[in-house]
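Asks: Once you've had a glance at the structure underneath, I'll fire off some questions.
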Amino acid sequence: MDAAEALVLGMVQGLTEWLPVSSSGHLVIAQELLGLPAGENLLFDLVVHLGTIFAVCVFFRKELLRILSSLLMRRAGRGPQENALRLLGFLLLVGTVPAAIVGILLTDVIEDIFDLPLVGAALMVNAVILLVSERVGSKGARKSAGLLDAVVIGCFQAVAIIPGISRSGSTISGGMLRGLERETAATFSFLLSVPILVGAFAYGLVALDAYDTQPVEFLLGFLAAFLLGLASIEYLLKAVRSGKLWVFAVYCVLAGAAILATST
């Protein structure tokens with residue numbers, strides 16, 4: 001992998017990790033177009049994922065710090081707001097469990113079937129999820145999640161282990177279908193991404209058999225993923241508020257159909 005390829009892959013990761021179009025699916029597509037064998041540099045994949053983790057942590061730093069502070073605060077010093085934040089932290093952990101279980105049990109299976117036809121079909125399914133959430137869940141008004149919401153959204157997140165199914169798109173859709181207000185669903189989705197992405201990064205790092213370091217390429221990929229990750233979070237929040245998830249659904253249908261037509 002050269003510097004230009006690293007930059008392209010970092011940009012793809014930064015844009016598609018948060019936009020509801022599936023980063024894993026688009027990385028498969030990008031690697032295919034660049035002629036890079038899938039799994040050639042797993043450490044680089046982890047580095048660009050770390051870039052998007054940093055992006056969401058920076059963007060939601062205030063919310064994350066408040067949740068962490070409330071979890072560490074003694075009972076005597078907690079008020080209603082701190083208790084609500086502690087509950088949110090608990091719900092985020094609950095919502096992480098389904099994806100963690102599926103990820104540990106099925107990671108090898110999913111990696112073995114990472115190919116373009118699967119990505120194309122999954123993108124079509126992703127489009128359906130987005131369209132249904134816009135149609136059915138667009139009138140949600142609840143501004144806080146409950147235990148069942150966390151479980152359901154966590155199950156939507158678990159489905160997103162399939163390349164082509166967007167994690168952000170499926171979890172936001174899950175929240176909207178549960179009746180959460182649009183921005184509440186989006187915020188919960190972004191906060192929910194932190195524990196699962198950090199866990200996946202740590203698991204992937206431990207599971208690596210060898211470390212093939214390319215400092216310049218790694219830095220370019222990380223920075224591209226971080227900077228475009230910040231921009232794509234802001235853009236998605238605006239799209240969710242304005243009811244524009246259907247735009248991404250149209251893209252997924254077109255991209256999925258094109259992939260299926262050219263790879264089968």
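Residue numbering restarts at 1 for every chain of the structure tokens, chains are lettered A, B, ... in their displayed order, and ligands are numbered from 1 as they appear.
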Which residues, written as a JSON list (two decimals) with N, CA and C atoms, in the first residue's frame, have at least one atom at most 8 Å from A:Leu92, with only C-alpha atoms counted and residues fewer than 5 positions away on the same chain left out?
Replies:
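After the write, part.json holds the following:
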[["chain", "number", "residue", "atom", "x", "y", "z"],
["A", 150, "ALA", "N", -32.80, 0.35, 24.41],
["A", 150, "ALA", "CA", -31.38, 0.00, 24.33],
["A", 150, "ALA", "C", -31.18, -1.40, 23.78],
["A", 188, "PHE", "N", -28.06, 8.95, 20.58],
["A", 188, "PHE", "CA", -27.88, 7.66, 21.24],
["A", 188, "PHE", "C", -27.05, 6.73, 20.36],
["A", 191, "LEU", "N", -23.33, 7.83, 20.57],
["A", 191, "LEU", "CA", -22.75, 7.48, 21.87],
["A", 191, "LEU", "C", -22.59, 5.96, 21.99],
["A", 192, "LEU", "N", -23.55, 5.22, 21.45],
["A", 192, "LEU", "CA", -23.49, 3.75, 21.50],
["A", 192, "LEU", "C", -22.32, 3.21, 20.70],
["A", 195, "PRO", "N", -18.41, 2.45, 22.90],
["A", 195, "PRO", "CA", -17.93, 1.22, 23.53],
["A", 195, "PRO", "C", -17.71, 0.08, 22.56]]
Asks: For A:Thr187, which residue out of A:Pro215, A:Gly137, A:Gly175, A:Gly221 is the nearest one, using only C-alpha atoms?
Replies: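 Using only C-alpha atoms, the shortest distance to A:Thr187 belongs to A:Gly175.
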Asks: To one decimal place in Å, what is the distance between atom CA of A:Met176 and atom CA of A:Ile162?
Replies: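 That distance, rounded to one decimal, is 21.0 Å.
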Asks: Given only C-alpha atoms, how would the per-residue table for stretch 219-259 of chain A near stretch 59-62 of chain A read, listing every residue at most 10 Å away with its closest atom pair and distance in Å to one decimal, sorted by chain and number, as a tab-separated table?
Replies:
residue	atom	partner	partner_atom	distance
A:Gly229	CA	A:Phe59	CA	9.5
A:Leu230	CA	A:Phe59	CA	6.7
A:Ala231	CA	A:Phe59	CA	9.7
A:Ile233	CA	A:Phe59	CA	8.0
A:Glu234	CA	A:Phe59	CA	8.6
Asks: Got a sec: who's within 9 Å of A:Lys143, counting only C-alpha atoms, leaving out chain neighbours fewer than 6 positions off, as a list in words?
Replies: Leu180, Glu181, Arg182, Glu183, Thr184 and Ala185 of chain A
Asks: What gap, in Å, lies between atom CA of A:Pro20 and atom CA of A:Phe248?
Replies: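 Spanning atom CA of A:Pro20 to atom CA of A:Phe248 is a straight-line distance of 6.6 Å.
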Asks: Using only C-alpha atoms, which of the listed residues (A:Leu130, A:Leu147, A:Leu205, A:Val56) sits closest to A:Leu245?
Replies: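 Using only C-alpha atoms, A:Leu245 sits closest to A:Leu130.
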Asks: Can you pull out every residue within 7 Å of A:Ser22, counting only C-alpha atoms, but drop anything in the same chain fewer than 5 positions away, and send it as a PDB file with C-alpha atoms, in the first residue's frame?
Replies:
ATOM      1  CA  THR A  16     -18.735   6.023   5.513  1.00  0.00           C
ATOM      2  CA  GLU A  17     -18.267   5.090   9.188  1.00  0.00           C
ATOM      3  CA  PRO A 163     -20.672  -5.652   5.397  1.00  0.00           C
ATOM      4  CA  GLY A 164     -23.103  -3.393   3.592  1.00  0.00           C
ATOM      5  CA  ILE A 165     -25.402  -2.844   6.589  1.00  0.00           C
ATOM      6  CA  SER A 166     -24.639   0.524   8.161  1.00  0.00           C
ATOM      7  CA  ARG A 167     -24.108   0.625  11.910  1.00  0.00           C
TER       8      ARG A 167
END
Asks: Write out as a compact mmCIF listing (two decimals) with N, CA and C atoms, in the first residue's frame the set of residues from stretch 37-229 of chain A that DSSP, computed on the backbone, places in helix (DSSP H, G or I).
Replies:
# COMPACT_ATOMS: atom_id res chain seq x y z
N LEU A 42 -4.17 -5.56 8.11
CA LEU A 42 -5.21 -5.45 9.13
C LEU A 42 -4.88 -4.35 10.14
N LEU A 43 -3.59 -4.12 10.39
CA LEU A 43 -3.22 -3.05 11.32
C LEU A 43 -3.62 -1.68 10.77
N PHE A 44 -3.46 -1.49 9.47
CA PHE A 44 -3.90 -0.24 8.86
C PHE A 44 -5.40 -0.06 9.02
N ASP A 45 -6.16 -1.14 8.82
CA ASP A 45 -7.61 -1.07 9.01
C ASP A 45 -7.95 -0.61 10.42
N LEU A 46 -7.22 -1.12 11.40
CA LEU A 46 -7.46 -0.72 12.78
C LEU A 46 -7.11 0.76 13.00
N VAL A 47 -6.05 1.22 12.36
CA VAL A 47 -5.62 2.61 12.51
C VAL A 47 -6.68 3.57 11.98
N VAL A 48 -7.24 3.29 10.80
CA VAL A 48 -8.25 4.20 10.25
C VAL A 48 -9.54 4.12 11.06
N HIS A 49 -9.84 2.95 11.61
CA HIS A 49 -10.99 2.85 12.51
C HIS A 49 -10.74 3.68 13.78
N LEU A 50 -9.50 3.69 14.25
CA LEU A 50 -9.16 4.52 15.41
C LEU A 50 -9.38 5.99 15.10
N GLY A 51 -9.12 6.40 13.87
CA GLY A 51 -9.37 7.78 13.47
C GLY A 51 -10.83 8.16 13.63
N THR A 52 -11.73 7.27 13.23
CA THR A 52 -13.16 7.58 13.36
C THR A 52 -13.62 7.48 14.82
N ILE A 53 -12.98 6.63 15.61
CA ILE A 53 -13.29 6.59 17.04
C ILE A 53 -12.92 7.94 17.69
N PHE A 54 -11.75 8.45 17.35
CA PHE A 54 -11.33 9.76 17.87
C PHE A 54 -12.32 10.84 17.44
N ALA A 55 -12.81 10.74 16.21
CA ALA A 55 -13.74 11.74 15.70
C ALA A 55 -15.00 11.80 16.54
N VAL A 56 -15.61 10.66 16.81
CA VAL A 56 -16.86 10.67 17.58
C VAL A 56 -16.61 11.08 19.03
N CYS A 57 -15.46 10.69 19.58
CA CYS A 57 -15.14 11.08 20.96
C CYS A 57 -14.91 12.59 21.07
N VAL A 58 -14.28 13.18 20.06
CA VAL A 58 -14.07 14.63 20.07
C VAL A 58 -15.39 15.35 19.88
N PHE A 59 -16.20 14.89 18.94
CA PHE A 59 -17.46 15.57 18.64
C PHE A 59 -18.41 15.54 19.83
N ARG A 61 -17.51 14.99 23.04
CA ARG A 61 -16.66 14.96 24.22
C ARG A 61 -17.40 15.44 25.47
N LYS A 62 -18.23 16.46 25.34
CA LYS A 62 -18.95 16.97 26.52
C LYS A 62 -19.91 15.93 27.07
N GLU A 63 -20.67 15.30 26.18
CA GLU A 63 -21.63 14.29 26.62
C GLU A 63 -20.91 13.09 27.25
N LEU A 64 -19.83 12.65 26.62
CA LEU A 64 -19.10 11.49 27.14
C LEU A 64 -18.46 11.80 28.50
N LEU A 65 -17.91 12.99 28.65
CA LEU A 65 -17.30 13.36 29.93
C LEU A 65 -18.34 13.46 31.04
N ARG A 66 -19.53 13.99 30.70
CA ARG A 66 -20.60 14.09 31.69
C ARG A 66 -21.08 12.70 32.12
N ILE A 67 -21.20 11.78 31.17
CA ILE A 67 -21.61 10.42 31.51
C ILE A 67 -20.56 9.75 32.39
N LEU A 68 -19.30 9.87 32.00
CA LEU A 68 -18.22 9.27 32.77
C LEU A 68 -18.15 9.86 34.17
N SER A 69 -18.30 11.17 34.27
CA SER A 69 -18.27 11.84 35.57
C SER A 69 -19.39 11.35 36.47
N SER A 70 -20.58 11.19 35.90
CA SER A 70 -21.72 10.74 36.71
C SER A 70 -21.53 9.30 37.19
N LEU A 71 -20.89 8.48 36.36
CA LEU A 71 -20.65 7.09 36.76
C LEU A 71 -19.65 7.00 37.90
N LEU A 72 -18.73 7.95 37.96
CA LEU A 72 -17.70 7.93 39.00
C LEU A 72 -18.11 8.70 40.25
N ARG A 75 -22.77 8.60 45.49
CA ARG A 75 -24.22 8.77 45.57
C ARG A 75 -24.61 10.06 46.27
N ALA A 76 -23.88 10.43 47.30
CA ALA A 76 -24.24 11.63 48.07
C ALA A 76 -24.17 12.89 47.23
N GLY A 77 -23.34 12.90 46.22
CA GLY A 77 -23.17 14.10 45.42
C GLY A 77 -24.02 14.13 44.16
N PRO A 80 -30.70 14.64 40.28
CA PRO A 80 -31.50 14.04 39.20
C PRO A 80 -30.76 13.98 37.86
N GLN A 81 -30.03 15.05 37.54
CA GLN A 81 -29.31 15.07 36.26
C GLN A 81 -28.22 14.00 36.22
N GLU A 82 -27.48 13.87 37.29
CA GLU A 82 -26.42 12.86 37.34
C GLU A 82 -26.99 11.45 37.29
N ASN A 83 -28.12 11.24 37.96
CA ASN A 83 -28.76 9.93 37.92
C ASN A 83 -29.25 9.59 36.51
N ALA A 84 -29.75 10.60 35.80
CA ALA A 84 -30.19 10.39 34.42
C ALA A 84 -29.00 10.03 33.53
N LEU A 85 -27.87 10.68 33.76
CA LEU A 85 -26.67 10.38 32.98
C LEU A 85 -26.13 8.99 33.30
N ARG A 86 -26.20 8.60 34.58
CA ARG A 86 -25.79 7.25 34.96
C ARG A 86 -26.66 6.21 34.27
N LEU A 87 -27.95 6.48 34.20
CA LEU A 87 -28.87 5.56 33.51
C LEU A 87 -28.51 5.47 32.03
N LEU A 88 -28.20 6.62 31.43
CA LEU A 88 -27.81 6.61 30.01
C LEU A 88 -26.54 5.78 29.82
N GLY A 89 -25.57 5.93 30.71
CA GLY A 89 -24.36 5.12 30.62
C GLY A 89 -24.65 3.64 30.72
N PHE A 90 -25.57 3.27 31.62
CA PHE A 90 -25.97 1.86 31.76
C PHE A 90 -26.65 1.37 30.49
N LEU A 91 -27.52 2.18 29.91
CA LEU A 91 -28.22 1.79 28.69
C LEU A 91 -27.26 1.62 27.52
N LEU A 92 -26.22 2.45 27.46
CA LEU A 92 -25.22 2.29 26.39
C LEU A 92 -24.49 0.97 26.53
N LEU A 93 -24.20 0.57 27.76
CA LEU A 93 -23.55 -0.72 27.98
C LEU A 93 -24.48 -1.87 27.59
N VAL A 94 -25.76 -1.75 27.96
CA VAL A 94 -26.74 -2.78 27.59
C VAL A 94 -26.85 -2.88 26.07
N GLY A 95 -26.89 -1.73 25.39
CA GLY A 95 -27.01 -1.73 23.95
C GLY A 95 -25.80 -2.29 23.23
N THR A 96 -24.67 -2.34 23.92
CA THR A 96 -23.43 -2.86 23.33
C THR A 96 -23.38 -4.39 23.35
N VAL A 97 -24.10 -5.00 24.28
CA VAL A 97 -23.99 -6.44 24.49
C VAL A 97 -24.34 -7.27 23.26
N PRO A 98 -25.47 -7.03 22.55
CA PRO A 98 -25.79 -7.88 21.39
C PRO A 98 -24.69 -7.89 20.33
N ALA A 99 -24.17 -6.71 19.97
CA ALA A 99 -23.13 -6.65 18.95
C ALA A 99 -21.84 -7.30 19.43
N ALA A 100 -21.53 -7.15 20.72
CA ALA A 100 -20.32 -7.78 21.26
C ALA A 100 -20.41 -9.30 21.15
N ILE A 101 -21.56 -9.84 21.49
CA ILE A 101 -21.75 -11.30 21.41
C ILE A 101 -21.65 -11.78 19.97
N VAL A 102 -22.38 -11.12 19.07
CA VAL A 102 -22.35 -11.51 17.66
C VAL A 102 -20.96 -11.35 17.08
N GLY A 103 -20.29 -10.25 17.43
CA GLY A 103 -18.95 -10.00 16.91
C GLY A 103 -17.96 -11.08 17.31
N ILE A 104 -18.00 -11.48 18.58
CA ILE A 104 -17.08 -12.51 19.06
C ILE A 104 -17.38 -13.87 18.44
N LEU A 105 -18.66 -14.20 18.32
CA LEU A 105 -19.05 -15.53 17.82
C LEU A 105 -18.92 -15.66 16.31
N LEU A 106 -19.15 -14.57 15.57
CA LEU A 106 -19.26 -14.69 14.13
C LEU A 106 -18.21 -13.92 13.34
N THR A 107 -17.24 -13.32 14.00
CA THR A 107 -16.24 -12.52 13.27
C THR A 107 -15.57 -13.31 12.16
N ASP A 108 -15.11 -14.51 12.45
CA ASP A 108 -14.41 -15.32 11.44
C ASP A 108 -15.33 -15.67 10.28
N VAL A 109 -16.58 -15.96 10.58
CA VAL A 109 -17.54 -16.31 9.53
C VAL A 109 -17.77 -15.13 8.61
N ILE A 110 -18.00 -13.96 9.20
CA ILE A 110 -18.26 -12.77 8.40
C ILE A 110 -17.06 -12.42 7.54
N GLU A 111 -15.85 -12.52 8.10
CA GLU A 111 -14.64 -12.18 7.34
C GLU A 111 -14.48 -13.10 6.14
N ASP A 112 -14.91 -14.36 6.27
CA ASP A 112 -14.77 -15.32 5.18
C ASP A 112 -15.72 -15.04 4.02
N LEU A 116 -18.03 -8.84 -2.90
CA LEU A 116 -18.84 -7.79 -3.49
C LEU A 116 -20.33 -8.15 -3.62
N PRO A 117 -20.68 -9.36 -4.06
CA PRO A 117 -22.12 -9.66 -4.13
C PRO A 117 -22.83 -9.52 -2.78
N LEU A 118 -22.18 -9.95 -1.70
CA LEU A 118 -22.78 -9.79 -0.38
C LEU A 118 -22.96 -8.31 -0.05
N VAL A 119 -21.94 -7.51 -0.34
CA VAL A 119 -22.03 -6.07 -0.07
C VAL A 119 -23.16 -5.44 -0.86
N GLY A 120 -23.28 -5.81 -2.13
CA GLY A 120 -24.34 -5.26 -2.96
C GLY A 120 -25.72 -5.58 -2.43
N ALA A 121 -25.94 -6.84 -2.06
CA ALA A 121 -27.24 -7.25 -1.51
C ALA A 121 -27.51 -6.57 -0.18
N ALA A 122 -26.48 -6.47 0.67
CA ALA A 122 -26.66 -5.86 1.99
C ALA A 122 -26.96 -4.37 1.87
N LEU A 123 -26.37 -3.70 0.89
CA LEU A 123 -26.67 -2.28 0.68
C LEU A 123 -28.14 -2.09 0.32
N MET A 124 -28.70 -3.01 -0.44
CA MET A 124 -30.12 -2.93 -0.77
C MET A 124 -30.97 -3.09 0.49
N VAL A 125 -30.58 -4.02 1.35
CA VAL A 125 -31.28 -4.21 2.62
C VAL A 125 -31.16 -2.98 3.48
N ASN A 126 -29.97 -2.39 3.49
CA ASN A 126 -29.73 -1.17 4.26
C ASN A 126 -30.67 -0.05 3.81
N ALA A 127 -30.88 0.04 2.51
CA ALA A 127 -31.80 1.05 1.97
C ALA A 127 -33.21 0.84 2.49
N VAL A 128 -33.64 -0.41 2.55
CA VAL A 128 -34.99 -0.71 3.06
C VAL A 128 -35.11 -0.29 4.52
N ILE A 129 -34.08 -0.57 5.31
CA ILE A 129 -34.11 -0.18 6.74
C ILE A 129 -34.27 1.33 6.87
N LEU A 130 -33.51 2.09 6.09
CA LEU A 130 -33.58 3.54 6.16
C LEU A 130 -34.95 4.05 5.73
N LEU A 131 -35.50 3.51 4.66
CA LEU A 131 -36.79 3.96 4.15
C LEU A 131 -37.92 3.64 5.12
N VAL A 132 -37.87 2.43 5.71
CA VAL A 132 -38.90 2.06 6.68
C VAL A 132 -38.86 2.96 7.90
N SER A 133 -37.65 3.27 8.37
CA SER A 133 -37.54 4.13 9.55
C SER A 133 -38.06 5.53 9.25
N GLU A 134 -37.80 6.05 8.05
CA GLU A 134 -38.32 7.36 7.68
C GLU A 134 -39.84 7.34 7.57
N ARG A 135 -40.39 6.25 7.06
CA ARG A 135 -41.82 6.16 6.85
C ARG A 135 -42.57 5.88 8.14
N VAL A 136 -42.07 4.93 8.93
CA VAL A 136 -42.80 4.47 10.11
C VAL A 136 -42.38 5.22 11.37
N LEU A 147 -34.84 0.94 28.76
CA LEU A 147 -34.13 -0.34 28.69
C LEU A 147 -34.48 -1.11 27.42
N LEU A 148 -35.77 -1.20 27.09
CA LEU A 148 -36.15 -1.93 25.88
C LEU A 148 -35.62 -1.25 24.63
N ASP A 149 -35.59 0.07 24.64
CA ASP A 149 -35.01 0.80 23.51
C ASP A 149 -33.55 0.40 23.32
N ALA A 150 -32.80 0.35 24.41
CA ALA A 150 -31.38 0.00 24.33
C ALA A 150 -31.18 -1.40 23.78
N VAL A 151 -32.03 -2.33 24.21
CA VAL A 151 -31.92 -3.72 23.73
C VAL A 151 -32.22 -3.79 22.23
N VAL A 152 -33.30 -3.15 21.81
CA VAL A 152 -33.69 -3.18 20.40
C VAL A 152 -32.64 -2.51 19.53
N ILE A 153 -32.19 -1.33 19.93
CA ILE A 153 -31.16 -0.63 19.15
C ILE A 153 -29.87 -1.44 19.14
N GLY A 154 -29.55 -2.09 20.25
CA GLY A 154 -28.36 -2.95 20.30
C GLY A 154 -28.46 -4.10 19.33
N CYS A 155 -29.67 -4.67 19.16
CA CYS A 155 -29.86 -5.76 18.19
C CYS A 155 -29.70 -5.24 16.77
N PHE A 156 -30.19 -4.03 16.49
CA PHE A 156 -29.96 -3.42 15.18
C PHE A 156 -28.47 -3.24 14.94
N GLN A 157 -27.74 -2.85 15.97
CA GLN A 157 -26.29 -2.69 15.83
C GLN A 157 -25.61 -4.01 15.54
N ALA A 158 -26.10 -5.08 16.15
CA ALA A 158 -25.51 -6.40 15.92
C ALA A 158 -25.66 -6.83 14.47
N VAL A 159 -26.79 -6.49 13.85
CA VAL A 159 -27.01 -6.84 12.44
C VAL A 159 -25.99 -6.16 11.53
N ARG A 167 -23.89 0.60 10.47
CA ARG A 167 -24.11 0.62 11.91
C ARG A 167 -24.88 1.86 12.33
N SER A 168 -24.45 3.02 11.83
CA SER A 168 -25.14 4.25 12.20
C SER A 168 -26.57 4.26 11.67
N GLY A 169 -26.74 3.84 10.42
CA GLY A 169 -28.07 3.83 9.83
C GLY A 169 -29.02 2.90 10.53
N SER A 170 -28.55 1.70 10.88
CA SER A 170 -29.43 0.72 11.51
C SER A 170 -29.78 1.12 12.94
N THR A 171 -28.82 1.68 13.68
CA THR A 171 -29.12 2.06 15.07
C THR A 171 -30.01 3.30 15.15
N ILE A 172 -29.77 4.27 14.26
CA ILE A 172 -30.67 5.42 14.22
C ILE A 172 -32.07 4.98 13.82
N SER A 173 -32.15 4.09 12.84
CA SER A 173 -33.45 3.57 12.42
C SER A 173 -34.13 2.83 13.55
N GLY A 174 -33.36 2.02 14.28
CA GLY A 174 -33.93 1.30 15.41
C GLY A 174 -34.50 2.24 16.45
N GLY A 175 -33.77 3.31 16.74
CA GLY A 175 -34.27 4.28 17.70
C GLY A 175 -35.53 4.99 17.22
N MET A 176 -35.57 5.36 15.95
CA MET A 176 -36.75 6.02 15.40
C MET A 176 -37.95 5.08 15.39
N LEU A 177 -37.72 3.82 15.06
CA LEU A 177 -38.82 2.85 15.06
C LEU A 177 -39.34 2.59 16.46
N ARG A 182 -35.99 12.17 16.48
CA ARG A 182 -34.91 11.97 15.51
C ARG A 182 -33.52 12.24 16.10
N GLU A 183 -33.34 13.42 16.67
CA GLU A 183 -32.01 13.79 17.17
C GLU A 183 -31.63 12.94 18.38
N THR A 184 -32.62 12.55 19.20
CA THR A 184 -32.34 11.67 20.33
C THR A 184 -31.83 10.32 19.83
N ALA A 185 -32.50 9.79 18.80
CA ALA A 185 -32.07 8.51 18.23
C ALA A 185 -30.66 8.61 17.66
N ALA A 186 -30.36 9.72 16.98
CA ALA A 186 -29.04 9.89 16.38
C ALA A 186 -27.96 10.02 17.45
N THR A 187 -28.24 10.82 18.48
CA THR A 187 -27.26 11.01 19.55
C THR A 187 -27.00 9.70 20.28
N PHE A 188 -28.06 8.95 20.58
CA PHE A 188 -27.88 7.66 21.24
C PHE A 188 -27.05 6.73 20.36
N SER A 189 -27.29 6.77 19.05
CA SER A 189 -26.53 5.93 18.12
C SER A 189 -25.05 6.26 18.16
N PHE A 190 -24.72 7.55 18.12
CA PHE A 190 -23.31 7.95 18.14
C PHE A 190 -22.64 7.58 19.46
N LEU A 191 -23.33 7.83 20.57
CA LEU A 191 -22.75 7.48 21.87
C LEU A 191 -22.59 5.96 21.99
N LEU A 192 -23.55 5.22 21.45
CA LEU A 192 -23.49 3.75 21.50
C LEU A 192 -22.32 3.21 20.70
N SER A 193 -21.87 3.98 19.71
CA SER A 193 -20.76 3.51 18.88
C SER A 193 -19.45 3.43 19.65
N VAL A 194 -19.32 4.26 20.69
CA VAL A 194 -18.02 4.38 21.36
C VAL A 194 -17.59 3.06 22.02
N PRO A 195 -18.41 2.45 22.90
CA PRO A 195 -17.93 1.22 23.53
C PRO A 195 -17.71 0.08 22.56
N ILE A 196 -18.59 -0.06 21.55
CA ILE A 196 -18.42 -1.19 20.63
C ILE A 196 -17.22 -0.99 19.72
N LEU A 197 -16.97 0.24 19.27
CA LEU A 197 -15.83 0.48 18.39
C LEU A 197 -14.51 0.38 19.16
N VAL A 198 -14.49 0.89 20.39
CA VAL A 198 -13.29 0.75 21.21
C VAL A 198 -13.02 -0.72 21.50
N GLY A 199 -14.07 -1.46 21.82
CA GLY A 199 -13.92 -2.89 22.08
C GLY A 199 -13.44 -3.64 20.85
N ALA A 200 -14.01 -3.32 19.68
CA ALA A 200 -13.60 -3.98 18.45
C ALA A 200 -12.15 -3.65 18.11
N PHE A 201 -11.75 -2.41 18.36
CA PHE A 201 -10.36 -2.02 18.11
C PHE A 201 -9.42 -2.82 19.01
N ALA A 202 -9.74 -2.89 20.30
CA ALA A 202 -8.89 -3.62 21.24
C ALA A 202 -8.83 -5.11 20.89
N TYR A 203 -9.98 -5.67 20.55
CA TYR A 203 -10.04 -7.10 20.19
C TYR A 203 -9.21 -7.36 18.93
N GLY A 204 -9.34 -6.48 17.93
CA GLY A 204 -8.58 -6.65 16.70
C GLY A 204 -7.09 -6.51 16.92
N LEU A 205 -6.69 -5.60 17.81
CA LEU A 205 -5.28 -5.40 18.09
C LEU A 205 -4.67 -6.64 18.75
N VAL A 206 -5.40 -7.20 19.70
CA VAL A 206 -4.93 -8.40 20.40
C VAL A 206 -4.88 -9.60 19.46
N ALA A 207 -5.83 -9.66 18.53
CA ALA A 207 -5.93 -10.82 17.64
C ALA A 207 -4.92 -10.81 16.50
N PRO A 215 4.58 3.94 8.92
CA PRO A 215 4.25 5.17 9.66
C PRO A 215 3.59 6.25 8.83
N VAL A 216 4.12 6.56 7.65
CA VAL A 216 3.56 7.63 6.83
C VAL A 216 2.14 7.28 6.37
N GLU A 217 1.97 6.06 5.87
CA GLU A 217 0.66 5.63 5.39
C GLU A 217 -0.35 5.58 6.54
N PHE A 218 0.09 5.10 7.69
CA PHE A 218 -0.80 5.03 8.85
C PHE A 218 -1.24 6.42 9.28
N LEU A 219 -0.31 7.38 9.30
CA LEU A 219 -0.64 8.74 9.71
C LEU A 219 -1.62 9.38 8.74
N LEU A 220 -1.39 9.20 7.45
CA LEU A 220 -2.29 9.77 6.44
C LEU A 220 -3.69 9.17 6.58
N GLY A 221 -3.76 7.86 6.72
CA GLY A 221 -5.05 7.20 6.86
C GLY A 221 -5.79 7.64 8.10
N PHE A 222 -5.06 7.75 9.22
CA PHE A 222 -5.66 8.18 10.48
C PHE A 222 -6.21 9.59 10.38
N LEU A 223 -5.42 10.52 9.87
CA LEU A 223 -5.84 11.92 9.79
C LEU A 223 -7.03 12.08 8.85
N ALA A 224 -6.99 11.39 7.72
CA ALA A 224 -8.11 11.48 6.77
C ALA A 224 -9.39 10.95 7.41
N ALA A 225 -9.30 9.81 8.11
CA ALA A 225 -10.47 9.22 8.75
C ALA A 225 -10.99 10.13 9.86
N PHE A 226 -10.08 10.73 10.62
CA PHE A 226 -10.47 11.60 11.73
C PHE A 226 -11.18 12.87 11.22
N LEU A 227 -10.56 13.56 10.27
CA LEU A 227 -11.10 14.83 9.81
C LEU A 227 -12.41 14.66 9.05
N LEU A 228 -12.44 13.69 8.15
CA LEU A 228 -13.69 13.46 7.42
C LEU A 228 -14.74 12.82 8.32
N GLY A 229 -14.30 12.11 9.35
CA GLY A 229 -15.25 11.57 10.32
C GLY A 229 -15.98 12.68 11.06
Asks: What gap, in Å, lies between atom CA of A:Ile29 and atom CA of A:Ala239?
Replies: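 So the two atoms, atom CA of A:Ile29 and atom CA of A:Ala239, lie 24.4 Å apart.
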Asks: Do a neighbour search on A:Gln31 at 12 Å with only C-alpha atoms, toss out local chain neighbours closer than 2 positions, and write the hits as a PyMOL selection string.
Replies: chain A and resi 1+5-6+8-10+12-13+23-29+33-41+45+114-116
